[in-house]
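K.L.:
Contents of entry05.pdb (PDB, N, CA and C atoms) are below:
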```pdb
ATOM      1  N   MET A   5      16.871  -0.519 -12.324
ATOM      2  CA  MET A   5      16.206  -1.716 -11.917
ATOM      3  C   MET A   5      15.805  -2.557 -13.133
ATOM      4  N   THR A   6      15.125  -1.919 -14.082
ATOM      5  CA  THR A   6      14.708  -2.694 -15.255
ATOM      6  C   THR A   6      15.911  -3.169 -16.054
ATOM      7  N   ARG A   7      16.999  -2.378 -16.039
ATOM      8  CA  ARG A   7      18.210  -2.796 -16.746
ATOM      9  C   ARG A   7      18.761  -4.093 -16.131
ATOM     10  N   GLN A   8      18.767  -4.175 -14.818
ATOM     11  CA  GLN A   8      19.244  -5.397 -14.162
ATOM     12  C   GLN A   8      18.343  -6.576 -14.509
ATOM     13  N   MET A   9      17.032  -6.350 -14.540
ATOM     14  CA  MET A   9      16.103  -7.416 -14.903
ATOM     15  C   MET A   9      16.370  -7.889 -16.327
ATOM     16  N   GLN A  10      16.652  -6.954 -17.219
ATOM     17  CA  GLN A  10      16.954  -7.318 -18.604
ATOM     18  C   GLN A  10      18.265  -8.091 -18.685
ATOM     19  N   CYS A  11      19.228  -7.772 -17.831
ATOM     20  CA  CYS A  11      20.495  -8.519 -17.795
ATOM     21  C   CYS A  11      20.250  -9.980 -17.415
ATOM     22  N   VAL A  12      19.372 -10.209 -16.463
ATOM     23  CA  VAL A  12      19.031 -11.580 -16.079
ATOM     24  C   VAL A  12      18.386 -12.297 -17.260
ATOM     25  N   GLN A  13      17.510 -11.611 -17.951
ATOM     26  CA  GLN A  13      16.864 -12.220 -19.110
ATOM     27  C   GLN A  13      17.899 -12.582 -20.173
ATOM     28  N   ARG A  14      18.842 -11.677 -20.454
ATOM     29  CA  ARG A  14      19.893 -11.971 -21.441
ATOM     30  C   ARG A  14      20.767 -13.142 -20.989
ATOM     31  N   TYR A  15      21.051 -13.210 -19.706
ATOM     32  CA  TYR A  15      21.853 -14.308 -19.165
ATOM     33  C   TYR A  15      21.221 -15.661 -19.510
ATOM     34  N   PHE A  16      19.897 -15.707 -19.499
ATOM     35  CA  PHE A  16      19.195 -16.948 -19.827
ATOM     36  C   PHE A  16      18.830 -17.037 -21.310
ATOM     37  N   GLY A  17      19.454 -16.197 -22.140
ATOM     38  CA  GLY A  17      19.317 -16.328 -23.584
ATOM     39  C   GLY A  17      18.127 -15.644 -24.204
ATOM     40  N   ILE A  18      17.492 -14.750 -23.490
ATOM     41  CA  ILE A  18      16.352 -14.035 -24.044
ATOM     42  C   ILE A  18      16.864 -12.709 -24.603
ATOM     43  N   GLU A  19      16.893 -12.618 -25.924
ATOM     44  CA  GLU A  19      17.465 -11.449 -26.590
ATOM     45  C   GLU A  19      16.521 -10.248 -26.548
ATOM     46  N   GLU A  20      15.249 -10.468 -26.851
ATOM     47  CA  GLU A  20      14.257  -9.393 -26.788
ATOM     48  C   GLU A  20      13.632  -9.425 -25.398
ATOM     49  N   PRO A  21      13.839  -8.385 -24.598
ATOM     50  CA  PRO A  21      13.343  -8.403 -23.219
ATOM     51  C   PRO A  21      11.835  -8.655 -23.144
ATOM     52  N   LEU A  22      11.456  -9.496 -22.212
ATOM     53  CA  LEU A  22      10.036  -9.721 -21.935
ATOM     54  C   LEU A  22       9.520  -8.581 -21.080
ATOM     55  N   GLU A  23       8.254  -8.246 -21.253
ATOM     56  CA  GLU A  23       7.661  -7.187 -20.442
ATOM     57  C   GLU A  23       7.592  -7.620 -18.991
ATOM     58  N   MET A  24       7.786  -6.659 -18.112
ATOM     59  CA  MET A  24       7.642  -6.927 -16.694
ATOM     60  C   MET A  24       6.169  -7.174 -16.379
ATOM     61  N   ILE A  25       5.922  -7.943 -15.356
ATOM     62  CA  ILE A  25       4.552  -8.225 -14.922
ATOM     63  C   ILE A  25       4.180  -7.161 -13.894
ATOM     64  N   HIS A  26       3.050  -6.524 -14.094
ATOM     65  CA  HIS A  26       2.589  -5.486 -13.176
ATOM     66  C   HIS A  26       1.299  -5.964 -12.524
ATOM     67  N   LEU A  27       1.352  -6.160 -11.206
ATOM     68  CA  LEU A  27       0.166  -6.541 -10.442
ATOM     69  C   LEU A  27      -0.165  -5.425  -9.471
ATOM     70  N   VAL A  28      -1.447  -5.235  -9.230
ATOM     71  CA  VAL A  28      -1.902  -4.269  -8.233
ATOM     72  C   VAL A  28      -2.715  -5.029  -7.197
ATOM     73  N   VAL A  29      -2.359  -4.848  -5.939
ATOM     74  CA  VAL A  29      -3.096  -5.465  -4.831
ATOM     75  C   VAL A  29      -3.767  -4.331  -4.064
ATOM     76  N   ASP A  30      -5.084  -4.315  -4.112
ATOM     77  CA  ASP A  30      -5.873  -3.278  -3.435
ATOM     78  C   ASP A  30      -6.303  -3.828  -2.083
ATOM     79  N   TYR A  31      -5.988  -3.115  -1.013
ATOM     80  CA  TYR A  31      -6.302  -3.586   0.333
ATOM     81  C   TYR A  31      -7.693  -3.186   0.795
ATOM     82  N   GLY A  32      -8.429  -2.489  -0.036
ATOM     83  CA  GLY A  32      -9.795  -2.122   0.319
ATOM     84  C   GLY A  32      -9.846  -1.370   1.637
ATOM     85  N   THR A  33     -10.786  -1.735   2.477
ATOM     86  CA  THR A  33     -10.930  -1.076   3.779
ATOM     87  C   THR A  33     -10.144  -1.799   4.870
ATOM     88  N   LEU A  34      -9.436  -2.849   4.503
ATOM     89  CA  LEU A  34      -8.673  -3.642   5.469
ATOM     90  C   LEU A  34      -7.534  -2.852   6.102
ATOM     91  N   VAL A  35      -6.866  -2.016   5.316
ATOM     92  CA  VAL A  35      -5.672  -1.310   5.773
ATOM     93  C   VAL A  35      -5.993   0.178   5.927
ATOM     94  N   LYS A  36      -5.622   0.714   7.088
ATOM     95  CA  LYS A  36      -5.952   2.109   7.370
ATOM     96  C   LYS A  36      -4.737   2.976   7.702
ATOM     97  N   ASP A  37      -3.511   2.406   7.633
ATOM     98  CA  ASP A  37      -2.331   3.204   7.962
ATOM     99  C   ASP A  37      -1.135   2.756   7.122
ATOM    100  N   ASP A  38      -0.145   3.659   7.031
ATOM    101  CA  ASP A  38       1.040   3.418   6.209
ATOM    102  C   ASP A  38       1.830   2.191   6.652
ATOM    103  N   LYS A  39       1.998   2.022   7.951
ATOM    104  CA  LYS A  39       2.820   0.925   8.470
ATOM    105  C   LYS A  39       2.232  -0.438   8.091
ATOM    106  N   THR A  40       0.945  -0.601   8.266
ATOM    107  CA  THR A  40       0.291  -1.866   7.906
ATOM    108  C   THR A  40       0.337  -2.087   6.403
ATOM    109  N   ALA A  41       0.079  -1.041   5.641
ATOM    110  CA  ALA A  41       0.114  -1.161   4.181
ATOM    111  C   ALA A  41       1.502  -1.592   3.716
ATOM    112  N   SER A  42       2.524  -1.013   4.298
ATOM    113  CA  SER A  42       3.893  -1.372   3.935
ATOM    114  C   SER A  42       4.204  -2.824   4.282
ATOM    115  N   ALA A  43       3.793  -3.270   5.455
ATOM    116  CA  ALA A  43       4.031  -4.658   5.867
ATOM    117  C   ALA A  43       3.293  -5.636   4.956
ATOM    118  N   TYR A  44       2.068  -5.331   4.605
ATOM    119  CA  TYR A  44       1.292  -6.200   3.716
ATOM    120  C   TYR A  44       1.945  -6.264   2.337
ATOM    121  N   SER A  45       2.423  -5.136   1.859
ATOM    122  CA  SER A  45       3.047  -5.107   0.536
ATOM    123  C   SER A  45       4.328  -5.929   0.521
ATOM    124  N   GLU A  46       5.088  -5.853   1.595
ATOM    125  CA  GLU A  46       6.298  -6.667   1.683
ATOM    126  C   GLU A  46       5.947  -8.150   1.639
ATOM    127  N   SER A  47       4.872  -8.534   2.307
ATOM    128  CA  SER A  47       4.430  -9.933   2.266
ATOM    129  C   SER A  47       4.017 -10.343   0.860
ATOM    130  N   CYS A  48       3.364  -9.449   0.134
ATOM    131  CA  CYS A  48       2.987  -9.733  -1.261
ATOM    132  C   CYS A  48       4.239  -9.977  -2.100
ATOM    133  N   ALA A  49       5.239  -9.127  -1.925
ATOM    134  CA  ALA A  49       6.482  -9.246  -2.696
ATOM    135  C   ALA A  49       7.226 -10.526  -2.355
ATOM    136  N   GLU A  50       7.187 -10.937  -1.096
ATOM    137  CA  GLU A  50       7.893 -12.149  -0.674
ATOM    138  C   GLU A  50       7.402 -13.394  -1.417
ATOM    139  N   TYR A  51       6.154 -13.381  -1.830
ATOM    140  CA  TYR A  51       5.601 -14.529  -2.555
ATOM    141  C   TYR A  51       6.387 -14.792  -3.835
ATOM    142  N   PHE A  52       6.804 -13.734  -4.508
ATOM    143  CA  PHE A  52       7.467 -13.866  -5.803
ATOM    144  C   PHE A  52       8.990 -13.823  -5.724
ATOM    145  N   CYS A  53       9.540 -13.239  -4.662
ATOM    146  CA  CYS A  53      10.979 -12.958  -4.648
ATOM    147  C   CYS A  53      11.853 -14.197  -4.445
ATOM    148  N   ARG A  54      11.277 -15.336  -4.213
ATOM    149  CA  ARG A  54      12.086 -16.551  -4.065
ATOM    150  C   ARG A  54      12.833 -16.895  -5.358
ATOM    151  N   ASN A  55      12.285 -16.487  -6.504
ATOM    152  CA  ASN A  55      12.926 -16.802  -7.780
ATOM    153  C   ASN A  55      12.806 -15.671  -8.802
ATOM    154  N   HIS A  56      12.228 -14.555  -8.413
ATOM    155  CA  HIS A  56      12.030 -13.457  -9.366
ATOM    156  C   HIS A  56      12.433 -12.138  -8.738
ATOM    157  N   GLN A  57      13.077 -11.304  -9.546
ATOM    158  CA  GLN A  57      13.365  -9.948  -9.094
ATOM    159  C   GLN A  57      12.054  -9.174  -9.055
ATOM    160  N   ILE A  58      11.905  -8.370  -8.033
ATOM    161  CA  ILE A  58      10.642  -7.648  -7.873
ATOM    162  C   ILE A  58      10.905  -6.279  -7.276
ATOM    163  N   CYS A  59      10.145  -5.326  -7.731
ATOM    164  CA  CYS A  59      10.145  -3.987  -7.162
ATOM    165  C   CYS A  59       8.691  -3.687  -6.818
ATOM    166  N   TYR A  60       8.476  -3.098  -5.653
ATOM    167  CA  TYR A  60       7.096  -2.805  -5.287
ATOM    168  C   TYR A  60       7.021  -1.460  -4.582
ATOM    169  N   CYS A  61       5.855  -0.865  -4.641
ATOM    170  CA  CYS A  61       5.606   0.363  -3.900
ATOM    171  C   CYS A  61       4.181   0.329  -3.374
ATOM    172  N   THR A  62       3.968   1.061  -2.334
ATOM    173  CA  THR A  62       2.656   1.124  -1.695
ATOM    174  C   THR A  62       2.252   2.581  -1.594
ATOM    175  N   HIS A  63       1.005   2.853  -1.881
ATOM    176  CA  HIS A  63       0.528   4.221  -1.692
ATOM    177  C   HIS A  63      -0.976   4.236  -1.523
ATOM    178  N   GLN A  64      -1.450   5.394  -1.162
ATOM    179  CA  GLN A  64      -2.863   5.610  -0.944
ATOM    180  C   GLN A  64      -3.445   6.282  -2.174
ATOM    181  N   ASP A  65      -4.570   5.786  -2.638
ATOM    182  CA  ASP A  65      -5.252   6.406  -3.762
ATOM    183  C   ASP A  65      -5.742   7.790  -3.331
ATOM    184  N   MET A  66      -5.519   8.774  -4.164
ATOM    185  CA  MET A  66      -5.848  10.153  -3.793
ATOM    186  C   MET A  66      -7.356  10.388  -3.656
ATOM    187  N   GLN A  67      -8.169   9.635  -4.398
ATOM    188  CA  GLN A  67      -9.613   9.863  -4.342
ATOM    189  C   GLN A  67     -10.293   9.002  -3.278
ATOM    190  N   SER A  68     -10.004   7.696  -3.304
ATOM    191  CA  SER A  68     -10.702   6.805  -2.375
ATOM    192  C   SER A  68      -9.995   6.681  -1.027
ATOM    193  N   LEU A  69      -8.710   7.084  -0.974
ATOM    194  CA  LEU A  69      -7.858   6.971   0.219
ATOM    195  C   LEU A  69      -7.584   5.526   0.613
ATOM    196  N   ARG A  70      -7.876   4.586  -0.274
ATOM    197  CA  ARG A  70      -7.571   3.178  -0.015
ATOM    198  C   ARG A  70      -6.122   2.906  -0.397
ATOM    199  N   TYR A  71      -5.489   2.053   0.409
ATOM    200  CA  TYR A  71      -4.108   1.675   0.136
ATOM    201  C   TYR A  71      -4.052   0.551  -0.884
ATOM    202  N   HIS A  72      -3.017   0.585  -1.694
ATOM    203  CA  HIS A  72      -2.774  -0.527  -2.603
ATOM    204  C   HIS A  72      -1.278  -0.598  -2.918
ATOM    205  N   ALA A  73      -0.881  -1.753  -3.420
ATOM    206  CA  ALA A  73       0.521  -1.992  -3.768
ATOM    207  C   ALA A  73       0.633  -2.266  -5.254
ATOM    208  N   HIS A  74       1.708  -1.773  -5.837
ATOM    209  CA  HIS A  74       2.068  -2.099  -7.217
ATOM    210  C   HIS A  74       3.274  -3.027  -7.145
ATOM    211  N   LEU A  75       3.202  -4.159  -7.809
ATOM    212  CA  LEU A  75       4.302  -5.110  -7.874
ATOM    213  C   LEU A  75       4.782  -5.170  -9.318
ATOM    214  N   LEU A  76       6.061  -4.930  -9.531
ATOM    215  CA  LEU A  76       6.671  -5.044 -10.855
ATOM    216  C   LEU A  76       7.631  -6.228 -10.783
ATOM    217  N   ILE A  77       7.319  -7.270 -11.546
ATOM    218  CA  ILE A  77       8.018  -8.554 -11.420
ATOM    219  C   ILE A  77       8.701  -8.905 -12.733
ATOM    220  N   ASP A  78       9.970  -9.311 -12.641
ATOM    221  CA  ASP A  78      10.670  -9.840 -13.809
ATOM    222  C   ASP A  78      10.104 -11.236 -14.070
ATOM    223  N   PRO A  79       9.570 -11.480 -15.253
ATOM    224  CA  PRO A  79       8.954 -12.783 -15.503
ATOM    225  C   PRO A  79       9.956 -13.939 -15.573
ATOM    226  N   ILE A  80      11.251 -13.636 -15.692
ATOM    227  CA  ILE A  80      12.265 -14.692 -15.793
ATOM    228  C   ILE A  80      12.855 -14.957 -14.409
ATOM    229  N   GLY A  81      12.803 -16.213 -13.974
ATOM    230  CA  GLY A  81      13.372 -16.582 -12.693
ATOM    231  C   GLY A  81      14.880 -16.448 -12.701
ATOM    232  N   TYR A  82      15.438 -15.771 -11.710
ATOM    233  CA  TYR A  82      16.890 -15.552 -11.688
ATOM    234  C   TYR A  82      17.663 -16.798 -11.285
ATOM    235  N   LEU A  83      16.998 -17.806 -10.731
ATOM    236  CA  LEU A  83      17.678 -19.048 -10.367
ATOM    237  C   LEU A  83      17.640 -20.087 -11.478
ATOM    238  N   ASP A  84      16.500 -20.161 -12.160
ATOM    239  CA  ASP A  84      16.329 -21.241 -13.137
ATOM    240  C   ASP A  84      15.989 -20.787 -14.555
ATOM    241  N   GLY A  85      15.740 -19.497 -14.751
ATOM    242  CA  GLY A  85      15.433 -18.989 -16.085
ATOM    243  C   GLY A  85      14.037 -19.310 -16.577
ATOM    244  N   LYS A  86      13.197 -19.889 -15.711
ATOM    245  CA  LYS A  86      11.825 -20.220 -16.120
ATOM    246  C   LYS A  86      10.964 -18.959 -16.122
ATOM    247  N   VAL A  87       9.996 -18.948 -17.052
ATOM    248  CA  VAL A  87       9.092 -17.816 -17.183
ATOM    249  C   VAL A  87       7.928 -17.972 -16.208
ATOM    250  N   LEU A  88       7.635 -16.907 -15.463
ATOM    251  CA  LEU A  88       6.493 -16.894 -14.556
ATOM    252  C   LEU A  88       5.220 -16.785 -15.377
ATOM    253  N   ASP A  89       4.368 -17.763 -15.246
ATOM    254  CA  ASP A  89       3.105 -17.781 -15.973
ATOM    255  C   ASP A  89       2.031 -17.152 -15.090
ATOM    256  N   VAL A  90       1.456 -16.059 -15.540
ATOM    257  CA  VAL A  90       0.426 -15.382 -14.745
ATOM    258  C   VAL A  90      -0.968 -15.848 -15.158
ATOM    259  N   ASN A  91      -1.103 -17.155 -15.305
ATOM    260  CA  ASN A  91      -2.406 -17.703 -15.665
ATOM    261  C   ASN A  91      -3.343 -17.683 -14.455
ATOM    262  N   LEU A  92      -4.587 -17.995 -14.692
ATOM    263  CA  LEU A  92      -5.614 -17.939 -13.654
ATOM    264  C   LEU A  92      -5.275 -18.848 -12.475
ATOM    265  N   GLU A  93      -4.789 -20.033 -12.745
ATOM    266  CA  GLU A  93      -4.453 -20.980 -11.675
ATOM    267  C   GLU A  93      -3.359 -20.415 -10.758
ATOM    268  N   ASN A  94      -2.304 -19.878 -11.349
ATOM    269  CA  ASN A  94      -1.211 -19.323 -10.541
ATOM    270  C   ASN A  94      -1.632 -18.070  -9.775
ATOM    271  N   MET A  95      -2.450 -17.242 -10.382
ATOM    272  CA  MET A  95      -2.910 -16.045  -9.680
ATOM    273  C   MET A  95      -3.880 -16.403  -8.551
ATOM    274  N   ASN A  96      -4.662 -17.473  -8.741
ATOM    275  CA  ASN A  96      -5.529 -17.936  -7.646
ATOM    276  C   ASN A  96      -4.693 -18.468  -6.485
ATOM    277  N   ARG A  97      -3.546 -19.095  -6.783
ATOM    278  CA  ARG A  97      -2.631 -19.530  -5.718
ATOM    279  C   ARG A  97      -2.101 -18.333  -4.935
ATOM    280  N   PHE A  98      -1.777 -17.277  -5.664
ATOM    281  CA  PHE A  98      -1.320 -16.052  -5.016
ATOM    282  C   PHE A  98      -2.418 -15.502  -4.099
ATOM    283  N   CYS A  99      -3.643 -15.515  -4.578
ATOM    284  CA  CYS A  99      -4.774 -15.055  -3.760
ATOM    285  C   CYS A  99      -4.947 -15.917  -2.513
ATOM    286  N   GLU A 100      -4.786 -17.223  -2.653
ATOM    287  CA  GLU A 100      -4.880 -18.115  -1.491
ATOM    288  C   GLU A 100      -3.784 -17.793  -0.476
ATOM    289  N   TYR A 101      -2.573 -17.530  -0.967
ATOM    290  CA  TYR A 101      -1.464 -17.144  -0.101
ATOM    291  C   TYR A 101      -1.816 -15.870   0.675
ATOM    292  N   LEU A 102      -2.335 -14.874  -0.046
ATOM    293  CA  LEU A 102      -2.710 -13.622   0.603
ATOM    294  C   LEU A 102      -3.855 -13.823   1.585
ATOM    295  N   SER A 103      -4.817 -14.654   1.226
ATOM    296  CA  SER A 103      -5.938 -14.936   2.128
ATOM    297  C   SER A 103      -5.444 -15.511   3.442
ATOM    298  N   GLY A 104      -4.463 -16.403   3.366
ATOM    299  CA  GLY A 104      -3.893 -16.983   4.581
ATOM    300  C   GLY A 104      -3.148 -15.957   5.411
ATOM    301  N   LEU A 105      -2.417 -15.071   4.768
ATOM    302  CA  LEU A 105      -1.662 -14.039   5.482
ATOM    303  C   LEU A 105      -2.569 -13.010   6.141
ATOM    304  N   PHE A 106      -3.523 -12.527   5.369
ATOM    305  CA  PHE A 106      -4.361 -11.427   5.839
ATOM    306  C   PHE A 106      -5.595 -11.904   6.592
ATOM    307  N   ARG A 107      -5.840 -13.206   6.558
ATOM    308  CA  ARG A 107      -6.997 -13.817   7.216
ATOM    309  C   ARG A 107      -8.328 -13.246   6.717
ATOM    310  N   ILE A 108      -8.361 -12.990   5.415
ATOM    311  CA  ILE A 108      -9.583 -12.547   4.751
ATOM    312  C   ILE A 108      -9.641 -13.238   3.401
ATOM    313  N   SER A 109     -10.759 -13.193   2.758
ATOM    314  CA  SER A 109     -10.888 -13.774   1.428
ATOM    315  C   SER A 109     -10.345 -12.780   0.395
ATOM    316  N   VAL A 110      -9.367 -13.232  -0.397
ATOM    317  CA  VAL A 110      -8.786 -12.404  -1.451
ATOM    318  C   VAL A 110      -9.153 -13.039  -2.786
ATOM    319  N   ARG A 111      -9.566 -12.217  -3.733
ATOM    320  CA  ARG A 111      -9.942 -12.747  -5.032
ATOM    321  C   ARG A 111      -9.453 -11.831  -6.129
ATOM    322  N   LEU A 112      -9.410 -12.365  -7.335
ATOM    323  CA  LEU A 112      -9.041 -11.581  -8.512
ATOM    324  C   LEU A 112     -10.202 -10.724  -8.948
ATOM    325  N   LEU A 113      -9.907  -9.554  -9.436
ATOM    326  CA  LEU A 113     -10.960  -8.684  -9.975
ATOM    327  C   LEU A 113     -10.875  -8.645 -11.478
TER     328      LEU A 113
END
```
Spell out the structure here as structure tokens.
P.N.:
Amino acid sequence: MTRQMQCVQRYFGIEEPLEMIHLVVDYGTLVKDDKTASAYSESCAEYFCRNHQICYCTHQDMQSLRYHAHLLIDPIGYLDGKVLDVNLENMNRFCEYLSGLFRISVRLL
């Protein structure tokens, strides 16, 4: 997977691979089962997959039993070669997207 992401980066002229972006979305007490957690994680990934390669997984924390998703995102867009900027403004947009989907307030920690 990471090799393919690096190939996209090289295609757009980036010789030294950029680090993948790793985001964690914690569902808190909102999600109580595997099926819902998986569906929510897919929705999180859909936000970025329009122009970025992404790999994600969902699991339950062994201590708190809360579900969360890990998103591994190639920072280089596969359509246009633009770098995904994970600045505060863009991450707040992601939170707004999630808030609309989940119908709860989502914020950065």
K.L.:
Give as number ranges by chain every residue, naming chains and numbers as the document does, that has an atom within 12 Å of (-0.4, -6.0, 2.4), counting only C-alpha atoms.
P.N.:
A: 28-51, 60-63, 70-75, 99, 101-108, 110
K.L.:
Find the distance between atom CA of A:Asp65 and atom CA of A:Gln8 and write it in Å to one decimal.
P.N.:
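The value is 29.1 Å.
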K.L.:
If you run DSSP over the backbone, which residues in chain A end up strand (DSSP E)? Put them as number ranges by chain.
P.N.:
A: 25-30, 58-64, 71-77
K.L.:
Please produce a file of the residues just selected, as a short mmCIF file (atom, residue, chain, number, x, y, z; two decimals), in the coordinates of the input, where the atoms kept are N, CA and C atoms.
P.N.:
```
data_model
loop_
_atom_site.label_atom_id
_atom_site.label_comp_id
_atom_site.auth_asym_id
_atom_site.auth_seq_id
_atom_site.Cartn_x
_atom_site.Cartn_y
_atom_site.Cartn_z
N ILE A 25 5.92 -7.94 -15.36
CA ILE A 25 4.55 -8.22 -14.92
C ILE A 25 4.18 -7.16 -13.89
N HIS A 26 3.05 -6.52 -14.09
CA HIS A 26 2.59 -5.49 -13.18
C HIS A 26 1.30 -5.96 -12.52
N LEU A 27 1.35 -6.16 -11.21
CA LEU A 27 0.17 -6.54 -10.44
C LEU A 27 -0.16 -5.42 -9.47
N VAL A 28 -1.45 -5.24 -9.23
CA VAL A 28 -1.90 -4.27 -8.23
C VAL A 28 -2.72 -5.03 -7.20
N VAL A 29 -2.36 -4.85 -5.94
CA VAL A 29 -3.10 -5.46 -4.83
C VAL A 29 -3.77 -4.33 -4.06
N ASP A 30 -5.08 -4.32 -4.11
CA ASP A 30 -5.87 -3.28 -3.44
C ASP A 30 -6.30 -3.83 -2.08
N ILE A 58 11.90 -8.37 -8.03
CA ILE A 58 10.64 -7.65 -7.87
C ILE A 58 10.90 -6.28 -7.28
N CYS A 59 10.14 -5.33 -7.73
CA CYS A 59 10.14 -3.99 -7.16
C CYS A 59 8.69 -3.69 -6.82
N TYR A 60 8.48 -3.10 -5.65
CA TYR A 60 7.10 -2.80 -5.29
C TYR A 60 7.02 -1.46 -4.58
N CYS A 61 5.86 -0.86 -4.64
CA CYS A 61 5.61 0.36 -3.90
C CYS A 61 4.18 0.33 -3.37
N THR A 62 3.97 1.06 -2.33
CA THR A 62 2.66 1.12 -1.70
C THR A 62 2.25 2.58 -1.59
N HIS A 63 1.00 2.85 -1.88
CA HIS A 63 0.53 4.22 -1.69
C HIS A 63 -0.98 4.24 -1.52
N GLN A 64 -1.45 5.39 -1.16
CA GLN A 64 -2.86 5.61 -0.94
C GLN A 64 -3.44 6.28 -2.17
N TYR A 71 -5.49 2.05 0.41
CA TYR A 71 -4.11 1.68 0.14
C TYR A 71 -4.05 0.55 -0.88
N HIS A 72 -3.02 0.58 -1.69
CA HIS A 72 -2.77 -0.53 -2.60
C HIS A 72 -1.28 -0.60 -2.92
N ALA A 73 -0.88 -1.75 -3.42
CA ALA A 73 0.52 -1.99 -3.77
C ALA A 73 0.63 -2.27 -5.25
N HIS A 74 1.71 -1.77 -5.84
CA HIS A 74 2.07 -2.10 -7.22
C HIS A 74 3.27 -3.03 -7.14
N LEU A 75 3.20 -4.16 -7.81
CA LEU A 75 4.30 -5.11 -7.87
C LEU A 75 4.78 -5.17 -9.32
N LEU A 76 6.06 -4.93 -9.53
CA LEU A 76 6.67 -5.04 -10.86
C LEU A 76 7.63 -6.23 -10.78
N ILE A 77 7.32 -7.27 -11.55
CA ILE A 77 8.02 -8.55 -11.42
C ILE A 77 8.70 -8.90 -12.73
#
```
K.L.:
Which residues match the PyMOL selection byres (((chain A and resi 83-87 and name CA) around 9) and name CA) in the file above, as a list in words?
P.N.:
Val12, Gln13, Tyr15, Phe16, Gly17, Arg54, Asn55, His56, Asp78, Pro79, Ile80, Gly81, Tyr82, Leu88 and Asp89 of chain A
K.L.:
Tell me, in Å to one decimal, how far atom CA of A:Met24 is from atom CA of A:Met95.
P.N.:
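Those two atoms sit 15.6 Å apart.
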K.L.:
Please identify the alpha helix (DSSP H) residues within chain A (assignment by DSSP from backbone atoms) and present them as a ChimeraX atom specification.
P.N.:
/A:6-15,38-52,92-106
K.L.:
How many Å lie between atom C of A:Phe52 and atom C of A:Leu69, rounded to one decimal?
P.N.:
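These two atoms are separated by 26.3 Å.
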K.L.:
Apply the PyMOL selection byres ((chain A and resi 25) around 5) to the displayed file and report the matching residues as number ranges by chain.
P.N.:
A: 23-24, 26-27, 76-77
K.L.:
Could you extract stretch 42-53 of chain A of the given structure into a file holding N, CA and C atoms, as a PDB file, in the first residue's frame?
P.N.:
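The resulting decode-v8.pdb:
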```
ATOM      1  N   SER A  42     -17.679   0.444  11.743  1.00  0.00           N
ATOM      2  CA  SER A  42     -17.180   0.254  10.383  1.00  0.00           C
ATOM      3  C   SER A  42     -17.824   1.233   9.406  1.00  0.00           C
ATOM      4  N   ALA A  43     -19.126   1.428   9.511  1.00  0.00           N
ATOM      5  CA  ALA A  43     -19.828   2.365   8.627  1.00  0.00           C
ATOM      6  C   ALA A  43     -19.343   3.796   8.846  1.00  0.00           C
ATOM      7  N   TYR A  44     -19.151   4.188  10.081  1.00  0.00           N
ATOM      8  CA  TYR A  44     -18.666   5.537  10.384  1.00  0.00           C
ATOM      9  C   TYR A  44     -17.255   5.729   9.833  1.00  0.00           C
ATOM     10  N   SER A  45     -16.428   4.715   9.967  1.00  0.00           N
ATOM     11  CA  SER A  45     -15.053   4.824   9.482  1.00  0.00           C
ATOM     12  C   SER A  45     -15.018   4.955   7.967  1.00  0.00           C
ATOM     13  N   GLU A  46     -15.884   4.223   7.293  1.00  0.00           N
ATOM     14  CA  GLU A  46     -15.958   4.347   5.840  1.00  0.00           C
ATOM     15  C   GLU A  46     -16.356   5.766   5.444  1.00  0.00           C
ATOM     16  N   SER A  47     -17.281   6.358   6.182  1.00  0.00           N
ATOM     17  CA  SER A  47     -17.678   7.743   5.908  1.00  0.00           C
ATOM     18  C   SER A  47     -16.519   8.706   6.130  1.00  0.00           C
ATOM     19  N   CYS A  48     -15.719   8.465   7.157  1.00  0.00           N
ATOM     20  CA  CYS A  48     -14.533   9.302   7.406  1.00  0.00           C
ATOM     21  C   CYS A  48     -13.574   9.214   6.222  1.00  0.00           C
ATOM     22  N   ALA A  49     -13.345   8.001   5.739  1.00  0.00           N
ATOM     23  CA  ALA A  49     -12.420   7.791   4.620  1.00  0.00           C
ATOM     24  C   ALA A  49     -12.937   8.435   3.344  1.00  0.00           C
ATOM     25  N   GLU A  50     -14.245   8.410   3.136  1.00  0.00           N
ATOM     26  CA  GLU A  50     -14.828   8.988   1.923  1.00  0.00           C
ATOM     27  C   GLU A  50     -14.527  10.484   1.792  1.00  0.00           C
ATOM     28  N   TYR A  51     -14.354  11.152   2.910  1.00  0.00           N
ATOM     29  CA  TYR A  51     -14.057  12.587   2.879  1.00  0.00           C
ATOM     30  C   TYR A  51     -12.766  12.857   2.112  1.00  0.00           C
ATOM     31  N   PHE A  52     -11.783  11.989   2.274  1.00  0.00           N
ATOM     32  CA  PHE A  52     -10.468  12.207   1.678  1.00  0.00           C
ATOM     33  C   PHE A  52     -10.259  11.474   0.356  1.00  0.00           C
ATOM     34  N   CYS A  53     -11.022  10.411   0.110  1.00  0.00           N
ATOM     35  CA  CYS A  53     -10.706   9.534  -1.022  1.00  0.00           C
ATOM     36  C   CYS A  53     -11.058  10.129  -2.387  1.00  0.00           C
TER      37      CYS A  53
END
```
